[in-house]
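**Q** Supplied structure: run_5.cif, mmCIF, C-alpha atoms.
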```cif
data_query
loop_
_atom_site.label_atom_id
_atom_site.label_comp_id
_atom_site.auth_asym_id
_atom_site.auth_seq_id
_atom_site.Cartn_x
_atom_site.Cartn_y
_atom_site.Cartn_z
CA MET K 8 -17.93 -13.48 -21.01
CA SER K 9 -14.82 -12.27 -19.26
CA ALA K 10 -13.38 -10.72 -16.14
CA GLU K 11 -12.69 -7.09 -16.93
CA VAL K 12 -10.07 -5.06 -15.11
CA ILE K 13 -11.74 -1.71 -14.41
CA TRP K 14 -8.97 -0.05 -12.45
CA GLY K 15 -5.43 -0.42 -11.18
CA LEU K 16 -4.17 1.06 -7.94
CA ALA K 17 -0.46 1.28 -7.19
CA THR K 18 0.26 2.10 -3.58
CA SER K 19 2.81 1.85 -0.80
CA HIS K 20 2.15 -0.81 1.81
CA VAL K 21 4.29 0.52 4.68
CA PRO K 22 2.99 -0.70 8.07
CA SER K 23 3.09 2.78 9.59
CA ILE K 24 0.41 3.97 7.13
CA GLY K 25 -1.94 1.35 8.56
CA ALA K 26 -0.82 2.15 12.12
CA ALA K 27 -1.50 5.87 11.58
CA MET K 28 -5.05 4.99 10.48
CA ASP K 29 -5.60 2.44 13.26
CA ARG K 30 -4.48 4.96 15.89
CA GLY K 31 -6.43 7.92 14.51
CA LYS K 32 -3.35 9.92 13.53
CA THR K 33 -4.30 10.81 9.98
CA GLU K 34 -4.78 14.49 10.91
CA ASP K 35 -1.40 14.59 12.69
CA PRO K 36 0.82 17.19 10.98
CA ASN K 37 3.35 14.50 10.04
CA TRP K 38 0.69 12.38 8.32
CA LYS K 39 -1.96 14.80 7.08
CA GLY K 40 -0.15 15.51 3.82
CA LEU K 41 -0.17 11.82 2.95
CA PHE K 42 -3.80 11.14 3.78
CA ASP K 43 -5.11 14.36 2.21
CA GLY K 44 -3.44 13.20 -0.98
CA TYR K 45 -5.36 9.90 -0.87
CA ARG K 46 -8.78 11.55 -0.81
CA PRO K 47 -9.47 12.01 -4.56
CA ALA K 48 -8.47 8.39 -5.23
CA ARG K 49 -10.63 7.08 -2.41
CA GLU K 50 -13.64 9.06 -3.61
CA TRP K 51 -13.30 7.71 -7.14
CA LEU K 52 -12.76 4.15 -5.91
CA ALA K 53 -15.84 4.33 -3.69
CA GLU K 54 -17.87 4.91 -6.86
CA HIS K 55 -16.17 2.11 -8.81
CA ARG K 56 -16.49 -1.00 -6.71
CA PRO K 57 -15.32 -4.13 -8.55
CA ASP K 58 -16.70 -7.63 -8.05
CA VAL K 59 -13.25 -8.97 -7.10
CA ALA K 60 -9.83 -7.46 -6.39
CA ILE K 61 -6.34 -8.90 -6.78
CA VAL K 62 -3.63 -7.62 -4.44
CA ILE K 63 -0.04 -8.13 -5.58
CA TYR K 64 2.16 -7.99 -2.51
CA ASN K 65 4.93 -9.56 -0.49
CA ASP K 66 4.90 -11.05 2.96
CA HIS K 67 7.25 -9.74 5.68
CA ALA K 68 8.00 -12.72 7.95
CA ASN K 69 4.37 -13.15 8.98
CA GLY K 70 2.53 -15.51 6.65
CA ILE K 71 5.58 -17.36 5.28
CA ASP K 72 9.16 -17.71 6.47
CA LEU K 73 12.49 -18.42 4.79
CA ASP K 74 11.99 -22.22 4.73
CA ILE K 75 10.31 -21.87 1.36
CA VAL K 76 10.71 -18.76 -0.80
CA PRO K 77 8.26 -18.90 -3.69
CA THR K 78 9.09 -16.43 -6.44
CA PHE K 79 5.41 -16.09 -7.33
CA GLY K 80 2.43 -17.50 -5.45
CA ILE K 81 -1.36 -17.25 -5.44
CA GLY K 82 -3.92 -17.78 -2.70
CA THR K 83 -6.77 -20.17 -3.52
CA ALA K 84 -8.62 -20.02 -0.20
CA ASP K 85 -12.12 -18.75 0.50
CA ARG K 86 -10.85 -16.79 3.48
CA TYR K 87 -7.54 -15.23 4.59
CA THR K 88 -6.92 -14.35 8.22
CA VAL K 89 -5.26 -11.05 9.08
CA ALA K 90 -1.82 -11.90 10.52
CA ASP K 91 -0.72 -11.13 14.05
CA GLU K 92 2.70 -9.62 13.28
CA GLY K 93 3.72 -9.65 16.94
CA PHE K 94 1.50 -7.15 18.70
CA GLY K 95 -2.02 -8.19 17.87
CA LYS K 96 -3.89 -8.10 14.59
CA ARG K 97 -4.76 -4.85 12.86
CA PRO K 98 -8.38 -3.98 13.67
CA VAL K 99 -9.55 -4.69 10.13
CA PRO K 100 -11.76 -7.44 8.72
CA ASP K 101 -10.43 -10.80 7.62
CA VAL K 102 -10.41 -11.23 3.86
CA ILE K 103 -12.96 -13.17 1.82
CA GLY K 104 -11.36 -14.87 -1.19
CA ASP K 105 -12.64 -16.02 -4.56
CA PRO K 106 -11.38 -19.60 -5.06
CA ASP K 107 -13.06 -19.96 -8.46
CA LEU K 108 -11.20 -17.02 -9.93
CA SER K 109 -7.98 -18.00 -8.10
CA LEU K 110 -8.07 -21.48 -9.64
CA HIS K 111 -8.91 -20.11 -13.08
CA LEU K 112 -5.92 -17.77 -12.84
CA LEU K 113 -3.69 -20.58 -11.57
CA GLU K 114 -4.59 -23.01 -14.34
CA THR K 115 -4.43 -20.43 -17.08
CA LEU K 116 -1.16 -18.95 -15.86
CA VAL K 117 0.53 -22.35 -15.52
CA ASP K 118 -0.54 -23.17 -19.08
CA ASP K 119 0.91 -19.81 -20.09
CA GLY K 120 4.30 -20.64 -18.52
CA PHE K 121 3.97 -19.04 -15.07
CA ASP K 122 4.32 -21.81 -12.49
CA LEU K 123 2.82 -20.22 -9.39
CA THR K 124 3.09 -21.71 -5.89
CA VAL K 125 -0.33 -22.44 -4.39
CA PHE K 126 -1.33 -21.11 -0.96
CA GLN K 127 -4.37 -22.97 0.36
CA GLU K 128 -3.91 -21.25 3.71
CA LEU K 129 -2.34 -17.86 4.27
CA ASP K 130 -2.29 -15.19 6.94
CA VAL K 131 -2.07 -11.82 5.21
CA ASP K 132 0.14 -9.12 6.74
CA HIS K 133 0.45 -5.36 6.37
CA GLY K 134 1.76 -5.75 2.82
CA PHE K 135 -1.78 -6.87 1.95
CA THR K 136 -4.02 -5.06 4.44
CA VAL K 137 -2.46 -1.59 4.21
CA PRO K 138 -3.27 -1.27 0.48
CA LEU K 139 -6.85 -2.35 1.27
CA SER K 140 -6.98 0.41 3.90
CA VAL K 141 -5.56 2.95 1.46
CA TRP K 142 -8.43 1.98 -0.87
CA THR K 143 -11.12 1.67 1.84
CA PRO K 144 -10.31 3.53 5.05
CA ASP K 145 -13.49 2.49 6.87
CA PRO K 146 -14.41 -1.04 5.77
CA GLY K 147 -16.77 -1.74 8.66
CA ASP K 148 -17.36 -5.49 8.97
CA ALA K 149 -16.11 -6.43 5.50
CA TRP K 150 -13.89 -5.23 2.66
CA PRO K 151 -15.77 -3.99 -0.43
CA CYS K 152 -15.38 -7.28 -2.31
CA PRO K 153 -13.56 -10.64 -2.27
CA VAL K 154 -9.79 -10.28 -2.69
CA ILE K 155 -7.17 -12.66 -4.10
CA PRO K 156 -3.56 -12.48 -2.85
CA LEU K 157 -0.79 -12.78 -5.41
CA LEU K 158 2.59 -13.08 -3.70
CA VAL K 159 5.97 -12.02 -5.03
CA ASN K 160 9.37 -12.65 -3.48
CA VAL K 161 10.96 -9.22 -3.21
CA ILE K 162 12.83 -9.89 0.05
CA GLN K 163 15.45 -12.44 -0.97
CA TYR K 164 17.75 -11.95 -3.94
CA PRO K 165 17.24 -12.93 -6.73
CA GLN K 166 13.88 -11.26 -6.96
CA PRO K 167 12.06 -11.91 -10.24
CA THR K 168 13.15 -9.49 -12.95
CA ALA K 169 11.08 -6.43 -13.76
CA LYS K 170 10.62 -7.91 -17.21
CA ARG K 171 9.20 -11.14 -15.79
CA CYS K 172 6.86 -9.21 -13.52
CA TYR K 173 5.52 -7.18 -16.41
CA ALA K 174 5.07 -10.37 -18.46
CA LEU K 175 3.22 -12.02 -15.54
CA GLY K 176 0.90 -9.01 -15.41
CA GLN K 177 0.21 -9.34 -19.13
CA ALA K 178 -0.51 -13.05 -18.64
CA ILE K 179 -2.92 -12.19 -15.81
CA GLY K 180 -4.64 -9.77 -18.17
CA ARG K 181 -5.05 -12.56 -20.76
CA ALA K 182 -6.21 -15.05 -18.11
CA LEU K 183 -8.91 -12.66 -16.90
CA LYS K 184 -10.21 -12.22 -20.43
CA SER K 185 -10.89 -15.97 -20.66
CA TYR K 186 -12.85 -16.20 -17.39
CA PRO K 187 -16.24 -17.76 -18.13
CA LYS K 188 -18.18 -15.24 -16.06
CA ASP K 189 -18.86 -11.54 -16.48
CA ILE K 190 -17.24 -9.80 -13.54
CA THR K 191 -15.28 -6.63 -12.89
CA VAL K 192 -11.83 -6.64 -11.29
CA GLY K 193 -9.68 -4.10 -9.47
CA ILE K 194 -5.96 -4.82 -9.35
CA LEU K 195 -3.55 -3.45 -6.78
CA GLY K 196 0.22 -3.32 -7.21
CA THR K 197 1.85 -2.57 -3.89
CA GLY K 198 5.13 -1.45 -2.35
CA GLY K 199 7.65 1.30 -2.81
CA MET K 200 8.58 3.87 -3.58
CA SER K 201 12.34 4.44 -3.09
CA HIS K 202 13.63 3.30 0.28
CA GLN K 203 16.39 1.38 1.96
CA LEU K 204 16.11 0.07 5.53
CA ALA K 205 19.62 -1.21 6.34
CA GLY K 206 23.24 -0.33 5.58
CA ALA K 207 24.99 3.01 5.38
CA ARG K 208 22.48 4.13 2.72
CA ALA K 209 19.53 3.55 5.08
CA GLY K 210 17.03 6.38 4.71
CA MET K 211 17.93 7.02 1.08
CA ILE K 212 15.15 8.56 -1.01
CA ASN K 213 15.45 9.17 -4.75
CA PRO K 214 12.73 11.62 -5.81
CA GLU K 215 13.99 11.84 -9.40
CA PHE K 216 13.80 8.09 -9.88
CA ASP K 217 10.39 7.98 -8.22
CA ALA K 218 9.09 10.73 -10.52
CA MET K 219 10.40 8.87 -13.55
CA PHE K 220 8.79 5.63 -12.32
CA MET K 221 5.48 7.35 -11.59
CA ALA K 222 5.33 8.81 -15.11
CA ALA K 223 6.51 5.68 -16.92
CA ILE K 224 4.19 3.27 -15.08
CA GLU K 225 1.37 5.08 -16.88
CA SER K 226 2.78 5.74 -20.32
CA ASP K 227 5.89 3.60 -20.85
CA PRO K 228 5.91 0.50 -18.60
CA ALA K 229 8.19 -1.33 -21.06
CA LYS K 230 10.93 1.13 -20.13
CA LEU K 231 10.57 0.11 -16.46
CA ALA K 232 10.44 -3.57 -17.41
CA ALA K 233 13.91 -3.14 -18.92
CA LEU K 234 15.47 -2.09 -15.60
CA SER K 235 17.88 -4.64 -14.14
CA ARG K 236 17.80 -5.79 -10.52
CA GLU K 237 21.05 -3.89 -9.89
CA GLU K 238 19.66 -0.69 -11.37
CA LEU K 239 16.54 -0.99 -9.23
CA ILE K 240 18.53 -1.58 -6.04
CA ARG K 241 20.92 1.25 -6.84
CA GLU K 242 18.24 3.78 -7.80
CA ALA K 243 15.31 2.75 -5.59
CA GLY K 244 17.19 1.16 -2.66
CA SER K 245 17.49 -2.43 -1.51
CA GLU K 246 13.83 -2.45 -0.46
CA GLY K 247 12.60 -0.05 -3.16
CA ILE K 248 13.10 -2.87 -5.67
CA GLU K 249 9.66 -4.05 -4.55
CA MET K 250 8.19 -1.56 -7.01
CA ILE K 251 8.49 -4.39 -9.54
CA MET K 252 5.09 -5.37 -8.16
CA TRP K 253 3.58 -2.24 -9.73
CA LEU K 254 4.59 -3.69 -13.09
CA ILE K 255 2.46 -6.80 -12.54
CA MET K 256 -0.56 -4.56 -11.98
CA ARG K 257 0.30 -2.46 -15.02
CA GLY K 258 0.83 -5.49 -17.23
CA ALA K 259 -2.69 -6.70 -16.49
CA MET K 260 -4.13 -3.42 -17.78
CA ASN K 261 -4.69 -2.05 -21.26
CA GLU K 262 -1.88 -0.43 -23.22
CA ARG K 263 -3.61 2.91 -22.73
CA VAL K 264 -4.90 3.83 -19.31
CA ARG K 265 -6.18 7.09 -17.85
CA LYS K 266 -4.64 8.43 -14.70
CA VAL K 267 -7.35 9.31 -12.18
CA HIS K 268 -5.02 10.55 -9.46
CA SER K 269 -1.48 10.26 -8.16
CA HIS K 270 0.26 11.38 -5.01
CA TYR K 271 3.82 11.38 -3.69
CA PHE K 272 4.79 12.01 -0.09
CA VAL K 273 7.98 11.79 1.98
CA PRO K 274 8.26 10.29 4.52
CA ALA K 275 6.05 7.40 5.46
CA SER K 276 8.42 6.04 8.13
CA ASN K 277 11.66 5.41 6.20
CA THR K 278 10.14 5.46 2.73
CA ALA K 279 8.82 7.62 -0.06
CA ALA K 280 5.10 6.85 -0.30
CA GLY K 281 3.47 6.77 -3.72
CA LEU K 282 -0.06 6.28 -4.97
CA ALA K 283 -1.24 6.07 -8.57
CA LEU K 284 -4.79 5.21 -9.63
CA PHE K 285 -5.57 4.31 -13.24
CA ASP K 286 -8.89 3.88 -15.00
CA ASN K 287 -8.62 0.93 -17.39
CA ARG K 288 -11.59 2.09 -19.45
CA ALA K 289 -9.61 4.93 -21.02
CA SER K 290 -11.11 4.81 -24.48
CA MET L 221 27.57 -11.83 -11.16
CA ARG L 222 26.09 -8.77 -9.58
CA SER L 223 28.09 -5.72 -8.69
CA GLU L 224 28.37 -4.41 -5.15
CA ILE L 225 26.48 -1.23 -4.32
CA PRO L 226 28.27 0.66 -1.54
CA GLY L 227 26.37 0.95 1.75
CA THR L 228 23.75 -1.51 0.52
CA PRO L 229 23.46 -4.97 2.08
CA VAL L 230 21.77 -7.33 -0.36
CA PHE L 231 19.94 -10.25 1.24
CA ASP L 232 21.00 -12.92 -1.23
CA GLY L 233 21.00 -16.70 -1.10
CA GLN L 234 24.35 -17.07 0.71
CA THR L 235 23.35 -14.40 3.25
CA SER L 236 20.04 -16.16 3.80
CA ARG L 237 21.85 -19.49 4.30
CA ARG L 238 24.15 -17.86 6.86
CA GLY L 239 21.31 -16.19 8.74
CA PHE L 240 18.73 -18.97 8.44
CA ARG L 241 18.65 -20.13 12.09
CA MET L 242 18.78 -16.58 13.43
CA ASN L 243 16.01 -15.39 11.13
CA LYS L 244 13.86 -18.32 12.26
CA LEU L 245 14.39 -17.19 15.84
CA PHE L 246 13.30 -13.65 14.93
CA MET L 247 10.16 -14.89 13.22
CA SER L 248 9.25 -16.98 16.27
CA LEU L 249 8.98 -13.74 18.27
CA ARG L 250 5.61 -13.08 16.61
CA PHE L 251 4.10 -15.17 19.40
CA ALA L 252 3.77 -13.82 22.95
CA GLU L 253 4.67 -17.13 24.58
CA ASN L 254 7.92 -17.26 22.61
CA ARG L 255 8.77 -13.67 23.56
CA GLU L 256 8.30 -14.65 27.20
CA ARG L 257 10.54 -17.69 26.87
CA PHE L 258 13.16 -15.58 25.05
CA ARG L 259 13.09 -12.89 27.74
CA ALA L 260 13.42 -15.50 30.50
CA ASP L 261 16.70 -16.88 29.10
CA GLU L 262 17.93 -15.30 25.86
CA GLY L 263 21.04 -17.47 25.61
CA ALA L 264 19.12 -20.72 26.01
CA TYR L 265 16.57 -19.56 23.41
CA CYS L 266 19.39 -18.80 20.96
CA ASP L 267 20.90 -22.24 21.60
CA GLU L 268 17.55 -23.89 21.02
CA PHE L 269 17.44 -22.30 17.55
CA GLY L 270 21.06 -23.29 16.82
CA LEU L 271 22.59 -19.86 16.38
CA SER L 272 26.34 -19.56 15.84
CA PRO L 273 28.32 -18.10 18.78
CA GLU L 274 28.69 -14.80 16.89
CA GLN L 275 24.96 -14.61 16.14
CA ARG L 276 24.12 -15.50 19.73
CA GLN L 277 26.34 -12.69 21.00
CA ALA L 278 24.95 -10.17 18.49
CA VAL L 279 21.39 -10.98 19.57
CA ILE L 280 22.15 -10.77 23.29
CA ASP L 281 24.14 -7.52 22.83
CA ARG L 282 21.46 -6.06 20.53
CA ASP L 283 24.23 -5.40 18.04
CA TRP L 284 21.90 -4.62 15.14
CA GLN L 285 24.66 -4.04 12.60
CA ALA L 286 26.25 -7.40 13.49
CA MET L 287 22.89 -9.14 13.09
CA ILE L 288 22.66 -7.78 9.55
CA ASP L 289 26.30 -8.69 8.86
CA LEU L 290 25.71 -12.23 10.13
CA GLY L 291 22.81 -12.91 7.78
CA GLY L 292 19.83 -11.21 9.35
CA SER L 293 17.09 -9.97 7.04
CA ILE L 294 15.98 -6.50 8.11
CA PHE L 295 12.33 -7.62 8.11
CA TYR L 296 13.20 -10.45 10.51
CA VAL L 297 15.63 -8.47 12.66
CA TYR L 298 12.84 -5.92 13.06
CA LYS L 299 10.78 -8.49 15.01
CA LEU L 300 13.37 -8.35 17.80
CA ALA L 301 13.53 -4.55 17.60
CA MET L 302 9.73 -4.33 17.92
CA MET L 303 9.85 -6.60 20.95
CA ASP L 304 12.30 -4.13 22.52
CA GLY L 305 10.05 -1.21 21.61
CA ARG L 306 12.54 0.03 19.01
CA SER L 307 11.36 1.64 15.77
CA MET L 308 12.65 1.30 12.23
CA GLN L 309 13.84 4.90 12.60
CA TYR L 310 15.93 3.87 15.60
CA LEU L 311 17.48 1.10 13.49
CA GLY L 312 18.02 3.55 10.63
CA GLY L 313 19.95 5.72 13.06
CA VAL L 314 22.06 2.76 14.21
CA PHE L 315 22.98 1.86 10.63
CA THR L 316 23.92 5.44 9.72
CA GLY L 317 25.56 6.72 12.90
CA MET L 318 22.67 8.99 13.86
CA THR L 319 20.39 9.21 16.83
CA GLU L 320 16.77 8.21 16.25
CA GLU L 321 15.80 11.91 16.44
CA GLU L 322 18.40 12.88 13.84
CA PHE L 323 17.27 10.08 11.55
CA VAL L 324 13.60 11.07 11.86
CA ALA L 325 14.55 14.69 11.15
CA ALA L 326 16.46 13.62 8.04
CA MET L 327 13.44 11.67 6.79
CA ARG L 328 11.07 14.57 7.46
CA ALA L 329 13.42 16.84 5.54
CA GLY L 330 12.77 14.71 2.46
CA GLY L 331 14.92 11.67 3.16
CA ARG L 332 18.62 11.12 2.62
CA THR L 333 18.71 12.29 -0.97
CA ASP L 334 22.47 12.81 -0.72
CA VAL L 335 23.20 9.06 -0.61
CA ARG L 336 21.06 8.01 -3.58
#
```
I need this file expressed as C-alpha cells, please.
**A**
Amino acid sequence: MSAEVIWGLATSHVPSIGAAMDRGKTEDPNWKGLFDGYRPAREWLAEHRPDVAIVIYNDHANGIDLDIVPTFGIGTADRYTVADEGFGKRPVPDVIGDPDLSLHLLETLVDDGFDLTVFQELDVDHGFTVPLSVWTPDPGDAWPCPVIPLLVNVIQYPQPTAKRCYALGQAIGRALKSYPKDITVGILGTGGMSHQLAGARAGMINPEFDAMFMAAIESDPAKLAALSREELIREAGSEGIEMIMWLIMRGAMNERVRKVHSHYFVPASNTAAGLALFDNRAS
Amino acid sequence: MRSEIPGTPVFDGQTSRRGFRMNKLFMSLRFAENRERFRADEGAYCDEFGLSPEQRQAVIDRDWQAMIDLGGSIFYVYKLAMMDGRSMQYLGGVFTGMTEEEFVAAMRAGGRTDVR
C-alpha cells in the first residue's frame, strides 16, 4: 500500500492568468499564446486524474498576514474557502481537502525533521486557485479531486533555501510511500518564472536563467538545489525566487521523470510564465 | 550577511518590522467596509493602525516608492493600488520612471531583459 505520485505540474500562479480565464480573455491576442501553450498539458491531465493533489504555493496577504510567517505549513482541513482578495472571490469552486492524508504527511514529515505549521482553517488565494485553473480550466461545481495546500514563505527574507525545499520534496515523496492506502497523487509546484515587481529592476525577465531552470528541473534538480538565495534573487528577481517551490514538487518525484509538455511565455502581467508537466511513471 | 543587489528591494526581517503597521493597514483593505472607512478619512485610518508620520504621508500622497522604502511589501502595497484601480503595470512604471503604457510595451516586447 502506498500513495503514488503519478505526475508533477510546475506552473506560474500569477493572478492575471486566472483573471484572463474568469473574464473570457483567453483568445485575446495578448493571452492566446499562453493559453494555446497549456492545451497539450491540459489534455494529458484530463486523462490522468489522481485521487488527491498537493499544491505547493504561497499566500499573498489573503489567507495569512505578517503576524506569523511560517516557513513551511500544511492545511489539515476538509474544506478550504476561496479567498476574497479585495474584489470578490474568483468564480471557482471551494476546495475539498483530504485531512487523513494531510495528517499522515504532517506526522511523517515532523518525524523526518520537517516541522510544519498546521493550518486547520485557511482561505486559499490566487497562488493556489490559479494553478488549479491551469490544470482544469472548466471545473464546474468541483475540482477534479481533493487538494491539500502546502504553504511556503517566499515573501519575507529569509525564504527557505532551495536545498531545503528539495529535501522537503524528497521527504514528501518518502511520506507518500508509507501511506497505508493505495491512492494516486498529483503534485503541483507553483510560482515563477523570472520576475521582479518593485525597485529599479521591476519588469526584469531573464530568459536564459528560465531556460536553464526549465531544463534542470527535469534532469538535474540537484544543480538548482545548490543555488543560493542571493543567486536566485539576482538571476530570477526578488519575486522569481518563488521558483524554489518547483523544487519541492520535483523532490517528491522519482529521479527519472518524463516530460509530457512544457511552455514558456512572456509576459503574464509582469512575469515570465512557465509550465512544465512531468509523468512520474517514466520507466 | 547577504550582498546588496542594485535596484532590488529585499523584503527582509528589518524591513518587515519597519513596515508592519502599514502592511497591516494594506491587508485590511481586503474588506469593503474597511475600504469605505479608509476613503472617508484616510488620515484617521492611518492613525488607527499606528503608522509613522512618514508612512502616513506616503499613503495619503500615494507615494508608492516611499511606501516600499518605508517597509511596504509589494504584495501588501498592491492592495491599496487595487483599491485605487491601479495595476501592477502602473506600479512597475512608477518604480522604473515609465508610464504604464511604456511599461506594458516593455513587458510585451519580452520584458526588461537589459536589467537582468
**Q** Go through chain K residue by residue and, counting only C-alpha atoms, keep those with an atom at most 7 Å from chain L; for each kept residue give the shortest atom pair and its distance in Å to one decimal, ordered by chain and increasing number, as a Markdown table.
**A**
```
| residue | atom | partner | partner_atom | distance |
| --- | --- | --- | --- | --- |
| K:His67 | CA | L:Phe295 | CA | 6.0 |
| K:Ala68 | CA | L:Met247 | CA | 6.1 |
| K:Glu92 | CA | L:Arg250 | CA | 5.6 |
| K:Gly93 | CA | L:Arg250 | CA | 3.9 |
| K:Gln163 | CA | L:Phe231 | CA | 5.5 |
| K:Tyr164 | CA | L:Asp232 | CA | 4.3 |
| K:Pro165 | CA | L:Asp232 | CA | 6.7 |
| K:Leu204 | CA | L:Gly312 | CA | 6.5 |
| K:Ala205 | CA | L:Phe315 | CA | 6.3 |
| K:Gly206 | CA | L:Gly227 | CA | 5.1 |
| K:Ala207 | CA | L:Gly227 | CA | 4.4 |
| K:Arg208 | CA | L:Gly227 | CA | 5.1 |
| K:Ala209 | CA | L:Gly312 | CA | 5.8 |
| K:Gly210 | CA | L:Arg332 | CA | 5.4 |
| K:Met211 | CA | L:Arg332 | CA | 4.4 |
| K:Ile212 | CA | L:Thr333 | CA | 5.2 |
| K:Asn213 | CA | L:Arg336 | CA | 5.8 |
| K:Arg241 | CA | L:Ile225 | CA | 6.6 |
| K:Glu242 | CA | L:Arg336 | CA | 6.6 |
| K:Ser245 | CA | L:Val230 | CA | 6.6 |
| K:Val273 | CA | L:Gly330 | CA | 5.6 |
| K:Pro274 | CA | L:Met327 | CA | 5.8 |
| K:Asn277 | CA | L:Met327 | CA | 6.5 |
```
**Q** Might you pull out every residue within 10 Å of Asp217 of chain K, with all atoms listed in the file counted and same-chain residues fewer than 5 positions away left off, and present them as a list of chain:residue names?
**A** K:Gly199, K:Met200, K:Ser201, K:Ile212, K:Ala222, K:Ala223, K:Glu242, K:Ala243, K:Gly247, K:Met250, K:Tyr271, K:Ala279, K:Ala280, K:Gly281
**Q** Residues as selected, C-alpha atoms, written as a PDB file, in the coordinates of the input, can you do that?
**A**
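File produced: part.pdb:
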```
ATOM      1  CA  GLY K 199       7.650   1.300  -2.810  1.00  0.00           C
ATOM      2  CA  MET K 200       8.580   3.870  -3.580  1.00  0.00           C
ATOM      3  CA  SER K 201      12.340   4.440  -3.090  1.00  0.00           C
ATOM      4  CA  ILE K 212      15.150   8.560  -1.010  1.00  0.00           C
ATOM      5  CA  ALA K 222       5.330   8.810 -15.110  1.00  0.00           C
ATOM      6  CA  ALA K 223       6.510   5.680 -16.920  1.00  0.00           C
ATOM      7  CA  GLU K 242      18.240   3.780  -7.800  1.00  0.00           C
ATOM      8  CA  ALA K 243      15.310   2.750  -5.590  1.00  0.00           C
ATOM      9  CA  GLY K 247      12.600  -0.050  -3.160  1.00  0.00           C
ATOM     10  CA  MET K 250       8.190  -1.560  -7.010  1.00  0.00           C
ATOM     11  CA  TYR K 271       3.820  11.380  -3.690  1.00  0.00           C
ATOM     12  CA  ALA K 279       8.820   7.620  -0.060  1.00  0.00           C
ATOM     13  CA  ALA K 280       5.100   6.850  -0.300  1.00  0.00           C
ATOM     14  CA  GLY K 281       3.470   6.770  -3.720  1.00  0.00           C
TER      15      GLY K 281
END
```
**Q** To one decimal in Å, tell me the separation between atom CA of Arg282 of chain L and atom CA of Glu246 of chain K.
**A**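 So the two atoms, atom CA of Arg282 of chain L and atom CA of Glu246 of chain K, lie 22.6 Å apart.
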**Q** Taking (4.7, 1.8, -15.1) in the coordinates of the supplied file, I want to know which residues reach to within 12 Å of it, counting all atoms listed in the file; could you give the answer as a ChimeraX atom specification?
**A** /K:15-17,169-170,172-173,176,196,217-234,250-264,266,283-285
**Q** Would you mind reading off the distance between atom CA of Glu253 of chain L and atom CA of Gly95 of chain K, one decimal, in Å?
**A**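 Calculated distance between atom CA of Glu253 of chain L and atom CA of Gly95 of chain K is 13.0 Å.
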**Q** What does the distance between atom CA of Gly80 of chain K and atom CA of Pro98 of chain K come to in Å, to one decimal place?
**A** 25.8 Å
**Q** Applying 6 Å and only C-alpha atoms, which residues near Thr83 of chain K remain after dropping the ones on its own chain fewer than 6 positions away? List them as a ChimeraX atom specification.
**A** /K:106,109,127
**Q** On this file, the PyMOL selection byres ((chain L and resi 267-271) around 12) gives some set of residues; write that set as a PyMOL selection string.
**A** chain L and resi 238-248+254+257-258+261-266+272-280+287+290-292
**Q** Go through K:Val21, K:Ala53, K:Leu110, K:Val99 one by one, measure the shortest atom-to-atom distance of each to Tyr186 of chain K using all atoms listed in the file, and give the residue with the smallest value.
**A**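 Nearest to Tyr186 of chain K: K:Leu110.
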**Q** Near segment 133-143 of chain K, counting all atoms listed in the file, which residues have an atom at most 9 Å away, once you skip same-chain residues fewer than 6 positions from it, shown as a PyMOL selection string?
**A** chain K and resi 16-26+28+42+45+48-49+52-53+62-67+89-90+92+97+99+102+150-151+156+195-198
**Q** Would you write out, as an NGL selection string, every residue that the PyMOL selection byres ((chain K and resi 70) around 6) captures in this file?
**A** :K and (69 or 71 or 129-130)
